[in-house]
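Peer 1: What follows is a single structure, and I will ask about it in a moment.
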Amino acid sequence: MATAPVARVRTVDWLDKMLNGGLPKGTWTVITGGPGVGKSVLTILIAGGNLKTMPIIYVTTESSLRDVVRQAGLFGLDLGNAVSLHDILTGKANAGESNMMVIDLFSLYRQYRELIRGDGGRKPSRALSIEVLKSAVSRALGELGLLEGNGRITGEVLLIVDSMTAFWADKPALARALSYGLRQSLYGPNLTVIMTSQYAPTTAMSFGFGLEHVADGVIHMWMDDVEAVKEVRRWLIIKKMRLTSHYSKAVRFNITEKGIIPLEPSLGEVNQGP
């Protein structure tokens, strides 16, 4: 009996080739690496590449909606119709005007205040908490018309969280448990999730242990020691990816105005697969 082909979510062209067609839909992928390696750039490129094919919820803990739109513009991506959850909740925007909703710091703080004022339930201790994140994402899904009353997600949706590290900065030992909790509350075959996770440049270890174990896929990005090599050398490798074969070697890349461009091996070599 033949197996059905795996539905995919596109990333960038050369990474899709490394993934044998893209990220399997319905999976959770974490992009790990230290500061400056290109994690946020990659998530913005992925968001821009999927904007016309599926609704996107983009959570950013370091930028505002305006910053995300401006950075996308540097790579020729037009996110001008993207709206923030904050603007929707304050009546400044309409969810029907865009296929992309940004949950920025302003949105998270507003959702935090609503949870604090609400009746019943445990109150979150801070705005950048998993409780607030889950609540904000559910609110965004509802505003996009993608959430039924029983909590089931309807329709395909791409959720990007940049970065998860901020949500357990005060309790890194609980990172794995918090990650499981988030996945259990948002799990569904229609939801594809891409998260970033910060690595410490001094130890090359993640801030909070366990997210990689929860994820279906791990894409790791890093930079050679600039003092040793006297230049910026960025690399990417797919450490694991369920439901698909993938290229198993590291690929060096540059970040240019055209996006993230591979340098070695060549695209032809990448296309040969594992």
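By convention here, the chains of the structure tokens are called A, B, ... in the order presented, each chain's residues are numbered starting at 1, and ligands are numbered starting at 1 in the order presented.
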How close does stretch 173-268 of chain A get to stretch 111-129 of chain A? List, as a Markdown table, each residue of stretch 173-268 of chain A within 12 Å, its nearest atom pair and the distance in Å to one decimal, counting only C-alpha atoms.
Peer 2:
```
| residue | atom | partner | partner_atom | distance |
| --- | --- | --- | --- | --- |
| A:Leu174 | CA | A:Ser129 | CA | 11.7 |
| A:Ala175 | CA | A:Ser129 | CA | 11.1 |
| A:Leu178 | CA | A:Ser129 | CA | 9.3 |
| A:Ser179 | CA | A:Ser129 | CA | 11.3 |
| A:Gly181 | CA | A:Ser129 | CA | 11.8 |
| A:Leu182 | CA | A:Ser129 | CA | 10.7 |
```
Peer 1: Pull all heavy atoms from the residues just selected and write them as a short mmCIF file (atom, residue, chain, number, x, y, z; two decimals), in the first residue's frame.
Peer 2:
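Dumped to again-v4.cif:
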```cif
data_model
loop_
_atom_site.label_atom_id
_atom_site.label_comp_id
_atom_site.auth_asym_id
_atom_site.auth_seq_id
_atom_site.Cartn_x
_atom_site.Cartn_y
_atom_site.Cartn_z
N LEU A 174 12.93 24.90 33.89
CA LEU A 174 11.60 24.41 33.56
C LEU A 174 11.31 24.47 32.06
O LEU A 174 10.17 24.27 31.64
CB LEU A 174 10.54 25.23 34.31
CG LEU A 174 10.54 25.12 35.83
CD1 LEU A 174 9.46 26.01 36.43
CD2 LEU A 174 10.34 23.67 36.26
N ALA A 175 12.34 24.75 31.26
CA ALA A 175 12.13 24.95 29.83
C ALA A 175 11.44 23.76 29.17
O ALA A 175 10.53 23.91 28.36
CB ALA A 175 13.46 25.24 29.14
N LEU A 178 7.74 23.52 30.31
CA LEU A 178 6.97 24.61 29.72
C LEU A 178 6.74 24.37 28.23
O LEU A 178 5.67 24.66 27.70
CB LEU A 178 7.68 25.94 29.94
CG LEU A 178 7.78 26.40 31.40
CD1 LEU A 178 8.67 27.64 31.51
CD2 LEU A 178 6.39 26.69 31.97
N SER A 179 7.75 23.81 27.55
CA SER A 179 7.62 23.51 26.13
C SER A 179 6.56 22.45 25.90
O SER A 179 5.74 22.56 24.98
CB SER A 179 8.97 23.03 25.56
OG SER A 179 9.98 23.99 25.76
N GLY A 181 4.04 21.81 27.83
CA GLY A 181 2.75 22.43 28.11
C GLY A 181 2.22 23.24 26.94
O GLY A 181 1.02 23.19 26.63
N LEU A 182 3.11 23.98 26.29
CA LEU A 182 2.70 24.77 25.13
C LEU A 182 2.25 23.86 24.00
O LEU A 182 1.21 24.10 23.37
CB LEU A 182 3.87 25.65 24.67
CG LEU A 182 3.58 26.53 23.45
CD1 LEU A 182 2.55 27.60 23.80
CD2 LEU A 182 4.87 27.18 22.94
#
```
Peer 1: Tell me which protein, DNA and RNA residues are within 9 Å of stretch 142-157 of chain A, counting only C-alpha atoms, leaving out same-chain ones fewer than 3 positions away, and put them as a list in words.
Peer 2: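 Near stretch 142-157 of chain A, the qualifying residues are Lys25, Gly26, Met54, Pro55, Ile56, Ile57, Leu85, Ile88, Asn94, Ala95, Gly96, Asn99, Met101, Val137, Ser138, Arg139, Ser185, Leu186, Tyr187, Gly188, Pro189, Asn190, Leu191, Thr192 and Val193 of chain A.
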Peer 1: Next, write the just-selected residues to a file, as a CSV table (one decimal), in the first residue's frame, keeping N, CA and C atoms as the atom set.
Peer 2:
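out_16.csv, freshly written:
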```csv
chain,number,residue,atom,x,y,z
A,25,LYS,N,4.1,19.5,7.3
A,25,LYS,CA,3.0,20.3,7.9
A,25,LYS,C,2.6,19.6,9.2
A,26,GLY,N,2.3,20.4,10.2
A,26,GLY,CA,1.8,19.9,11.5
A,26,GLY,C,2.9,19.6,12.4
A,54,MET,N,-1.1,30.6,3.4
A,54,MET,CA,-1.7,30.2,4.7
A,54,MET,C,-1.6,31.4,5.7
A,55,PRO,N,-2.6,31.4,6.6
A,55,PRO,CA,-2.5,32.4,7.7
A,55,PRO,C,-1.2,32.2,8.5
A,56,ILE,N,-0.6,33.3,9.0
A,56,ILE,CA,0.6,33.3,9.8
A,56,ILE,C,0.4,34.1,11.0
A,57,ILE,N,0.8,33.5,12.2
A,57,ILE,CA,0.9,34.2,13.4
A,57,ILE,C,2.3,34.3,13.8
A,85,LEU,N,-1.8,42.1,17.0
A,85,LEU,CA,-2.9,41.7,17.8
A,85,LEU,C,-3.3,42.9,18.7
A,88,ILE,N,-5.6,45.2,16.8
A,88,ILE,CA,-6.9,44.6,16.7
A,88,ILE,C,-7.7,44.7,17.9
A,94,ASN,N,-8.3,45.7,11.6
A,94,ASN,CA,-9.3,44.6,11.4
A,94,ASN,C,-8.5,43.4,11.0
A,95,ALA,N,-8.9,42.3,11.6
A,95,ALA,CA,-8.2,41.0,11.4
A,95,ALA,C,-8.4,40.5,9.9
A,96,GLY,N,-9.5,40.9,9.3
A,96,GLY,CA,-9.8,40.5,8.0
A,96,GLY,C,-9.0,41.2,6.9
A,99,ASN,N,-3.4,38.5,6.1
A,99,ASN,CA,-3.2,37.1,6.4
A,99,ASN,C,-2.1,36.8,7.4
A,101,MET,N,-0.8,38.0,11.3
A,101,MET,CA,-0.9,38.7,12.6
A,101,MET,C,0.3,38.6,13.4
A,137,VAL,N,-1.8,33.6,21.6
A,137,VAL,CA,-2.0,32.8,20.4
A,137,VAL,C,-3.4,32.4,20.2
A,138,SER,N,-4.1,31.9,21.2
A,138,SER,CA,-5.4,31.5,21.1
A,138,SER,C,-6.3,32.7,20.7
A,139,ARG,N,-6.0,33.8,21.3
A,139,ARG,CA,-6.8,35.0,20.9
A,139,ARG,C,-6.6,35.4,19.4
A,185,SER,N,-1.2,22.3,24.6
A,185,SER,CA,-2.3,23.2,24.5
A,185,SER,C,-2.6,23.6,23.1
A,186,LEU,N,-1.6,23.6,22.2
A,186,LEU,CA,-1.7,24.1,20.8
A,186,LEU,C,-1.6,23.0,19.8
A,187,TYR,N,-1.5,21.8,20.2
A,187,TYR,CA,-1.2,20.7,19.2
A,187,TYR,C,-2.4,20.5,18.3
A,188,GLY,N,-2.1,20.3,17.0
A,188,GLY,CA,-3.1,20.0,16.0
A,188,GLY,C,-2.5,19.8,14.7
A,189,PRO,N,-3.1,18.9,13.9
A,189,PRO,CA,-2.5,18.6,12.6
A,189,PRO,C,-2.5,19.8,11.6
A,190,ASN,N,-3.3,20.8,11.9
A,190,ASN,CA,-3.4,22.0,11.0
A,190,ASN,C,-2.4,23.1,11.4
A,191,LEU,N,-1.7,22.9,12.5
A,191,LEU,CA,-0.8,23.9,13.0
A,191,LEU,C,0.7,23.5,12.8
A,192,THR,N,1.4,24.3,12.1
A,192,THR,CA,2.8,24.1,11.9
A,192,THR,C,3.5,25.2,12.7
A,193,VAL,N,4.5,24.8,13.5
A,193,VAL,CA,5.2,25.7,14.4
A,193,VAL,C,6.7,25.8,14.2
```
Peer 1: Find the residues around stretch 223-228 of chain A up to 8 Å (only C-alpha atoms counted), leave out those fewer than 6 positions away in its own chain, and share them as a PDB file with N, CA and C atoms, in the first residue's frame.
Peer 2:
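out19.pdb written:
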```
ATOM      1  N   GLY A  34      23.328  31.046  18.482  1.00  0.00           N
ATOM      2  CA  GLY A  34      23.690  32.233  19.244  1.00  0.00           C
ATOM      3  C   GLY A  34      23.200  33.510  18.587  1.00  0.00           C
ATOM      4  N   VAL A  37      23.374  34.984  14.331  1.00  0.00           N
ATOM      5  CA  VAL A  37      23.625  33.940  13.326  1.00  0.00           C
ATOM      6  C   VAL A  37      22.580  33.952  12.210  1.00  0.00           C
ATOM      7  N   ARG A 234      28.989  32.038   8.740  1.00  0.00           N
ATOM      8  CA  ARG A 234      27.774  31.462   9.307  1.00  0.00           C
ATOM      9  C   ARG A 234      27.494  30.102   8.682  1.00  0.00           C
ATOM     10  N   TRP A 235      26.939  29.190   9.512  1.00  0.00           N
ATOM     11  CA  TRP A 235      26.668  27.828   9.087  1.00  0.00           C
ATOM     12  C   TRP A 235      25.274  27.390   9.524  1.00  0.00           C
TER      13      TRP A 235
END
```
Peer 1: Which residues in stretch 2-121 of chain A does DSSP call helix (DSSP H, G or I)? List them as a compact mmCIF listing (two decimals) with all heavy atoms, in the first residue's frame.
Peer 2:
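File produced: states25.txt:
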```
# COMPACT_ATOMS: atom_id res chain seq x y z
N ASP A 13 14.40 28.42 -0.61
CA ASP A 13 14.59 27.43 -1.67
C ASP A 13 15.64 26.38 -1.35
O ASP A 13 15.39 25.17 -1.43
CB ASP A 13 14.94 28.12 -2.99
CG ASP A 13 13.75 28.87 -3.58
OD1 ASP A 13 12.61 28.61 -3.14
OD2 ASP A 13 13.96 29.72 -4.47
N TRP A 14 16.83 26.81 -0.94
CA TRP A 14 17.90 25.84 -0.75
C TRP A 14 17.69 24.99 0.51
O TRP A 14 18.04 23.82 0.55
CB TRP A 14 19.27 26.52 -0.73
CG TRP A 14 19.45 27.55 0.35
CD1 TRP A 14 19.07 28.85 0.31
CD2 TRP A 14 20.07 27.34 1.62
NE1 TRP A 14 19.41 29.48 1.49
CE2 TRP A 14 20.03 28.57 2.31
CE3 TRP A 14 20.67 26.24 2.24
CZ2 TRP A 14 20.56 28.73 3.59
CZ3 TRP A 14 21.19 26.40 3.52
CH2 TRP A 14 21.14 27.64 4.18
N LEU A 15 17.05 25.58 1.52
CA LEU A 15 16.75 24.80 2.72
C LEU A 15 15.64 23.80 2.43
O LEU A 15 15.65 22.68 2.96
CB LEU A 15 16.36 25.73 3.86
CG LEU A 15 16.07 25.09 5.23
CD1 LEU A 15 17.23 24.20 5.68
CD2 LEU A 15 15.78 26.16 6.27
N ASP A 16 14.69 24.18 1.57
CA ASP A 16 13.65 23.23 1.16
C ASP A 16 14.27 22.01 0.49
O ASP A 16 13.81 20.87 0.68
CB ASP A 16 12.67 23.89 0.20
CG ASP A 16 11.68 24.81 0.91
OD1 ASP A 16 11.59 24.72 2.15
OD2 ASP A 16 11.01 25.59 0.23
N LYS A 17 15.31 22.24 -0.30
CA LYS A 17 15.99 21.11 -0.96
C LYS A 17 16.68 20.23 0.07
O LYS A 17 16.68 19.00 -0.05
CB LYS A 17 16.99 21.64 -1.99
CG LYS A 17 16.32 22.29 -3.18
CD LYS A 17 17.33 22.91 -4.12
CE LYS A 17 16.63 23.56 -5.31
NZ LYS A 17 17.55 24.27 -6.21
N MET A 18 17.26 20.85 1.09
CA MET A 18 17.88 20.06 2.16
C MET A 18 16.84 19.24 2.93
O MET A 18 17.13 18.18 3.46
CB MET A 18 18.61 20.99 3.13
CG MET A 18 19.83 21.70 2.55
SD MET A 18 20.59 22.86 3.71
CE MET A 18 21.23 21.73 4.97
N LYS A 39 18.87 33.70 12.90
CA LYS A 39 17.62 33.00 13.25
C LYS A 39 16.39 33.84 12.90
O LYS A 39 15.46 33.36 12.26
CB LYS A 39 17.61 32.63 14.74
CG LYS A 39 18.75 31.73 15.19
CD LYS A 39 18.59 31.30 16.64
CE LYS A 39 18.53 32.47 17.62
NZ LYS A 39 19.78 33.29 17.61
N SER A 40 16.39 35.08 13.34
CA SER A 40 15.24 35.96 13.09
C SER A 40 15.08 36.24 11.60
O SER A 40 13.95 36.30 11.09
CB SER A 40 15.39 37.27 13.87
OG SER A 40 15.37 37.05 15.26
N VAL A 41 16.19 36.42 10.91
CA VAL A 41 16.13 36.65 9.47
C VAL A 41 15.46 35.47 8.78
O VAL A 41 14.59 35.63 7.92
CB VAL A 41 17.53 36.88 8.89
CG1 VAL A 41 17.49 36.91 7.36
CG2 VAL A 41 18.13 38.18 9.41
N LEU A 42 15.84 34.26 9.17
CA LEU A 42 15.26 33.06 8.57
C LEU A 42 13.76 32.98 8.83
O LEU A 42 12.98 32.66 7.92
CB LEU A 42 15.96 31.81 9.10
CG LEU A 42 15.48 30.46 8.53
CD1 LEU A 42 15.55 30.45 7.01
CD2 LEU A 42 16.30 29.31 9.11
N THR A 43 13.33 33.30 10.04
CA THR A 43 11.89 33.24 10.34
C THR A 43 11.11 34.28 9.53
O THR A 43 10.01 34.00 9.06
CB THR A 43 11.61 33.43 11.84
OG1 THR A 43 12.04 34.72 12.27
CG2 THR A 43 12.28 32.35 12.67
N ILE A 44 11.68 35.45 9.34
CA ILE A 44 11.00 36.48 8.55
C ILE A 44 10.91 36.06 7.09
O ILE A 44 9.88 36.25 6.43
CB ILE A 44 11.73 37.83 8.69
CG1 ILE A 44 11.47 38.42 10.09
CG2 ILE A 44 11.28 38.82 7.62
CD1 ILE A 44 12.21 39.69 10.38
N LEU A 45 11.96 35.46 6.56
CA LEU A 45 11.93 34.97 5.19
C LEU A 45 10.89 33.86 5.03
O LEU A 45 10.18 33.80 4.01
CB LEU A 45 13.31 34.46 4.78
CG LEU A 45 14.42 35.51 4.66
CD1 LEU A 45 15.77 34.84 4.41
CD2 LEU A 45 14.11 36.50 3.55
N ILE A 46 10.79 32.97 6.02
CA ILE A 46 9.79 31.90 5.96
C ILE A 46 8.38 32.48 6.01
O ILE A 46 7.49 32.06 5.26
CB ILE A 46 10.01 30.90 7.10
CG1 ILE A 46 11.35 30.15 6.91
CG2 ILE A 46 8.86 29.90 7.18
CD1 ILE A 46 11.73 29.26 8.07
N ALA A 47 8.18 33.46 6.88
CA ALA A 47 6.87 34.11 6.97
C ALA A 47 6.50 34.76 5.63
O ALA A 47 5.38 34.57 5.12
CB ALA A 47 6.85 35.14 8.09
N GLY A 48 7.44 35.49 5.05
CA GLY A 48 7.17 36.15 3.78
C GLY A 48 6.89 35.18 2.66
O GLY A 48 6.04 35.43 1.79
N GLY A 49 7.57 34.04 2.68
CA GLY A 49 7.39 33.06 1.63
C GLY A 49 6.07 32.32 1.69
O GLY A 49 5.62 31.75 0.69
N ASN A 50 5.42 32.33 2.85
CA ASN A 50 4.15 31.61 3.02
C ASN A 50 2.95 32.53 3.12
O ASN A 50 1.82 32.06 3.31
CB ASN A 50 4.22 30.73 4.27
CG ASN A 50 5.10 29.51 4.08
OD1 ASN A 50 4.71 28.53 3.46
ND2 ASN A 50 6.32 29.58 4.61
N LEU A 65 5.75 45.34 15.52
CA LEU A 65 5.22 45.09 14.19
C LEU A 65 5.99 45.91 13.15
O LEU A 65 6.37 45.39 12.09
CB LEU A 65 3.73 45.45 14.14
CG LEU A 65 3.10 45.53 12.75
CD1 LEU A 65 3.12 44.18 12.07
CD2 LEU A 65 1.67 46.07 12.84
N ARG A 66 6.22 47.16 13.45
CA ARG A 66 6.92 48.04 12.50
C ARG A 66 8.32 47.51 12.19
O ARG A 66 8.76 47.52 11.04
CB ARG A 66 7.02 49.46 13.08
CG ARG A 66 7.72 50.45 12.16
CD ARG A 66 7.79 51.81 12.80
NE ARG A 66 8.52 52.76 11.96
CZ ARG A 66 8.82 53.99 12.32
NH1 ARG A 66 8.44 54.44 13.52
NH2 ARG A 66 9.47 54.80 11.50
N ASP A 67 9.03 47.03 13.21
CA ASP A 67 10.38 46.50 13.01
C ASP A 67 10.36 45.27 12.11
O ASP A 67 11.22 45.12 11.23
CB ASP A 67 11.02 46.13 14.35
CG ASP A 67 11.26 47.33 15.24
OD1 ASP A 67 11.46 48.44 14.71
OD2 ASP A 67 11.24 47.16 16.48
N VAL A 68 9.39 44.38 12.33
CA VAL A 68 9.29 43.17 11.51
C VAL A 68 9.03 43.53 10.06
O VAL A 68 9.65 42.99 9.14
CB VAL A 68 8.17 42.25 12.06
CG1 VAL A 68 7.94 41.07 11.11
CG2 VAL A 68 8.54 41.74 13.45
N VAL A 69 8.11 44.47 9.83
CA VAL A 69 7.78 44.88 8.46
C VAL A 69 8.98 45.54 7.79
O VAL A 69 9.29 45.27 6.62
CB VAL A 69 6.57 45.85 8.47
CG1 VAL A 69 6.35 46.45 7.09
CG2 VAL A 69 5.32 45.10 8.94
N ARG A 70 9.70 46.36 8.53
CA ARG A 70 10.87 47.05 7.96
C ARG A 70 11.98 46.07 7.63
O ARG A 70 12.63 46.18 6.58
CB ARG A 70 11.38 48.11 8.92
CG ARG A 70 10.48 49.32 9.05
CD ARG A 70 11.03 50.33 10.03
NE ARG A 70 12.30 50.87 9.59
CZ ARG A 70 13.05 51.69 10.33
NH1 ARG A 70 12.66 52.02 11.55
NH2 ARG A 70 14.17 52.16 9.85
N GLN A 71 12.23 45.10 8.51
CA GLN A 71 13.28 44.13 8.24
C GLN A 71 12.93 43.26 7.04
O GLN A 71 13.79 42.95 6.21
CB GLN A 71 13.53 43.24 9.46
CG GLN A 71 14.76 42.34 9.29
CD GLN A 71 15.19 41.67 10.58
OE1 GLN A 71 14.51 41.75 11.60
NE2 GLN A 71 16.33 41.02 10.55
N ALA A 72 11.67 42.88 6.92
CA ALA A 72 11.24 42.11 5.75
C ALA A 72 11.46 42.91 4.47
O ALA A 72 11.88 42.36 3.44
CB ALA A 72 9.78 41.71 5.89
N GLY A 73 11.21 44.22 4.55
CA GLY A 73 11.39 45.07 3.37
C GLY A 73 12.83 45.10 2.88
O GLY A 73 13.08 45.30 1.68
N LEU A 74 13.79 44.91 3.79
CA LEU A 74 15.20 44.89 3.38
C LEU A 74 15.50 43.73 2.45
O LEU A 74 16.47 43.76 1.69
CB LEU A 74 16.09 44.80 4.63
CG LEU A 74 16.04 45.97 5.60
CD1 LEU A 74 16.91 45.69 6.82
CD2 LEU A 74 16.49 47.26 4.93
N LEU A 85 -1.78 42.06 16.95
CA LEU A 85 -2.90 41.70 17.82
C LEU A 85 -3.30 42.88 18.69
O LEU A 85 -4.49 43.10 18.95
CB LEU A 85 -2.52 40.49 18.68
CG LEU A 85 -3.57 40.02 19.69
CD1 LEU A 85 -4.84 39.59 18.99
CD2 LEU A 85 -3.02 38.89 20.55
N HIS A 86 -2.32 43.65 19.12
CA HIS A 86 -2.60 44.83 19.95
C HIS A 86 -3.53 45.80 19.24
O HIS A 86 -4.51 46.30 19.81
CB HIS A 86 -1.29 45.52 20.33
CG HIS A 86 -1.49 46.75 21.16
ND1 HIS A 86 -1.67 48.00 20.60
CD2 HIS A 86 -1.56 46.93 22.50
CE1 HIS A 86 -1.83 48.90 21.56
NE2 HIS A 86 -1.76 48.27 22.72
N ASP A 87 -3.25 46.08 17.96
CA ASP A 87 -4.07 47.03 17.21
C ASP A 87 -5.48 46.49 16.98
O ASP A 87 -6.45 47.26 16.96
CB ASP A 87 -3.41 47.35 15.87
CG ASP A 87 -2.19 48.23 16.02
OD1 ASP A 87 -2.00 48.81 17.11
OD2 ASP A 87 -1.41 48.35 15.05
N ILE A 88 -5.60 45.18 16.82
CA ILE A 88 -6.93 44.59 16.65
C ILE A 88 -7.73 44.70 17.94
O ILE A 88 -8.90 45.09 17.94
CB ILE A 88 -6.80 43.11 16.24
CG1 ILE A 88 -6.27 43.02 14.80
CG2 ILE A 88 -8.15 42.39 16.35
CD1 ILE A 88 -5.97 41.62 14.35
N LEU A 89 -7.09 44.41 19.07
CA LEU A 89 -7.78 44.46 20.35
C LEU A 89 -8.15 45.88 20.76
O LEU A 89 -9.08 46.08 21.55
CB LEU A 89 -6.92 43.80 21.43
CG LEU A 89 -6.61 42.31 21.23
CD1 LEU A 89 -5.75 41.79 22.38
CD2 LEU A 89 -7.89 41.50 21.10
N ALA A 95 -8.87 42.26 11.65
CA ALA A 95 -8.18 41.00 11.36
C ALA A 95 -8.40 40.54 9.93
O ALA A 95 -7.56 39.84 9.36
CB ALA A 95 -8.65 39.91 12.33
N GLY A 96 -9.52 40.95 9.33
CA GLY A 96 -9.81 40.53 7.97
C GLY A 96 -8.97 41.21 6.91
O GLY A 96 -9.03 40.85 5.74
N GLU A 97 -8.17 42.19 7.29
CA GLU A 97 -7.38 42.94 6.34
C GLU A 97 -6.06 42.28 5.99
O GLU A 97 -5.36 42.70 5.07
CB GLU A 97 -7.09 44.34 6.90
CG GLU A 97 -8.34 45.18 7.11
CD GLU A 97 -8.03 46.50 7.80
OE1 GLU A 97 -6.85 46.71 8.16
OE2 GLU A 97 -8.96 47.31 7.95
N LEU A 105 5.59 42.73 21.57
CA LEU A 105 5.64 42.99 23.02
C LEU A 105 4.41 43.75 23.51
O LEU A 105 3.90 43.49 24.59
CB LEU A 105 6.92 43.76 23.36
CG LEU A 105 8.21 42.94 23.38
CD1 LEU A 105 9.41 43.87 23.53
CD2 LEU A 105 8.19 41.91 24.50
N PHE A 106 3.93 44.70 22.69
CA PHE A 106 2.75 45.47 23.09
C PHE A 106 1.54 44.54 23.22
O PHE A 106 0.74 44.66 24.14
CB PHE A 106 2.47 46.56 22.06
CG PHE A 106 3.59 47.54 21.90
CD1 PHE A 106 4.41 47.50 20.78
CD2 PHE A 106 3.85 48.50 22.87
CE1 PHE A 106 5.46 48.39 20.63
CE2 PHE A 106 4.89 49.40 22.73
CZ PHE A 106 5.70 49.35 21.60
N SER A 107 1.42 43.59 22.29
CA SER A 107 0.31 42.63 22.33
C SER A 107 0.40 41.74 23.56
O SER A 107 -0.61 41.46 24.23
CB SER A 107 0.32 41.77 21.07
OG SER A 107 0.34 42.55 19.89
N LEU A 108 1.61 41.26 23.86
CA LEU A 108 1.79 40.37 25.01
C LEU A 108 1.49 41.10 26.32
O LEU A 108 0.85 40.54 27.22
CB LEU A 108 3.23 39.83 25.03
CG LEU A 108 3.56 38.84 23.91
CD1 LEU A 108 5.06 38.60 23.84
CD2 LEU A 108 2.82 37.52 24.11
N TYR A 109 1.92 42.34 26.43
CA TYR A 109 1.65 43.09 27.67
C TYR A 109 0.16 43.38 27.82
O TYR A 109 -0.37 43.35 28.93
CB TYR A 109 2.45 44.39 27.69
CG TYR A 109 3.86 44.20 28.21
CD1 TYR A 109 4.95 44.24 27.35
CD2 TYR A 109 4.10 43.95 29.55
CE1 TYR A 109 6.25 44.04 27.81
CE2 TYR A 109 5.38 43.75 30.03
CZ TYR A 109 6.45 43.80 29.15
OH TYR A 109 7.72 43.59 29.61
N ARG A 110 -0.54 43.63 26.71
CA ARG A 110 -1.97 43.85 26.80
C ARG A 110 -2.69 42.57 27.23
O ARG A 110 -3.59 42.60 28.07
CB ARG A 110 -2.53 44.34 25.46
CG ARG A 110 -4.03 44.61 25.53
CD ARG A 110 -4.58 45.18 24.25
NE ARG A 110 -6.02 45.38 24.38
CZ ARG A 110 -6.60 46.44 24.92
NH1 ARG A 110 -5.85 47.42 25.40
NH2 ARG A 110 -7.91 46.54 25.00
N GLN A 111 -2.29 41.44 26.66
CA GLN A 111 -2.90 40.17 27.03
C GLN A 111 -2.60 39.84 28.49
O GLN A 111 -3.45 39.30 29.19
CB GLN A 111 -2.38 39.06 26.11
CG GLN A 111 -3.19 37.79 26.15
CD GLN A 111 -4.60 37.98 25.60
OE1 GLN A 111 -4.85 38.88 24.81
NE2 GLN A 111 -5.52 37.14 26.04
N TYR A 112 -1.42 40.17 28.94
CA TYR A 112 -1.04 39.97 30.34
C TYR A 112 -1.95 40.76 31.27
O TYR A 112 -2.47 40.23 32.27
CB TYR A 112 0.41 40.38 30.53
CG TYR A 112 0.87 40.51 31.96
CD1 TYR A 112 1.00 39.39 32.79
CD2 TYR A 112 1.19 41.76 32.50
CE1 TYR A 112 1.44 39.52 34.10
CE2 TYR A 112 1.62 41.89 33.81
CZ TYR A 112 1.74 40.76 34.60
OH TYR A 112 2.17 40.89 35.90
N ARG A 113 -2.20 42.01 30.93
CA ARG A 113 -3.07 42.85 31.76
C ARG A 113 -4.49 42.30 31.79
O ARG A 113 -5.16 42.34 32.83
CB ARG A 113 -3.06 44.29 31.25
CG ARG A 113 -1.73 45.02 31.46
CD ARG A 113 -1.89 46.53 31.27
NE ARG A 113 -2.27 46.85 29.91
CZ ARG A 113 -1.41 47.09 28.92
NH1 ARG A 113 -0.11 47.03 29.16
NH2 ARG A 113 -1.84 47.40 27.71
N GLU A 114 -4.96 41.77 30.66
CA GLU A 114 -6.31 41.20 30.63
C GLU A 114 -6.40 39.96 31.53
O GLU A 114 -7.40 39.76 32.22
CB GLU A 114 -6.69 40.84 29.19
CG GLU A 114 -6.99 42.05 28.32
CD GLU A 114 -7.67 41.66 27.03
OE1 GLU A 114 -8.06 40.48 26.89
OE2 GLU A 114 -7.82 42.54 26.16
N LEU A 115 -5.35 39.13 31.51
CA LEU A 115 -5.35 37.94 32.35
C LEU A 115 -5.29 38.31 33.83
O LEU A 115 -5.90 37.65 34.68
CB LEU A 115 -4.16 37.04 31.99
CG LEU A 115 -4.25 36.35 30.62
CD1 LEU A 115 -2.95 35.60 30.33
CD2 LEU A 115 -5.44 35.41 30.54
N ILE A 116 -4.54 39.34 34.16
CA ILE A 116 -4.44 39.80 35.55
C ILE A 116 -5.79 40.30 36.05
O ILE A 116 -6.19 40.05 37.19
CB ILE A 116 -3.37 40.91 35.68
CG1 ILE A 116 -1.97 40.33 35.49
CG2 ILE A 116 -3.47 41.60 37.03
CD1 ILE A 116 -1.54 39.35 36.55
N ARG A 117 -6.52 41.00 35.17
CA ARG A 117 -7.81 41.56 35.57
C ARG A 117 -8.94 40.54 35.54
O ARG A 117 -10.00 40.77 36.12
CB ARG A 117 -8.17 42.73 34.65
CG ARG A 117 -7.29 43.95 34.79
CD ARG A 117 -7.95 45.16 34.14
NE ARG A 117 -8.14 44.94 32.71
CZ ARG A 117 -7.31 45.36 31.77
NH1 ARG A 117 -6.22 46.04 32.11
NH2 ARG A 117 -7.55 45.13 30.49
```
Peer 1: Please, what distance in Å, to one decimal, runs between atom CA of A:Phe253 and atom CA of A:Ile238?
Peer 2: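 Separating atom CA of A:Phe253 from atom CA of A:Ile238 is a distance of 13.8 Å.
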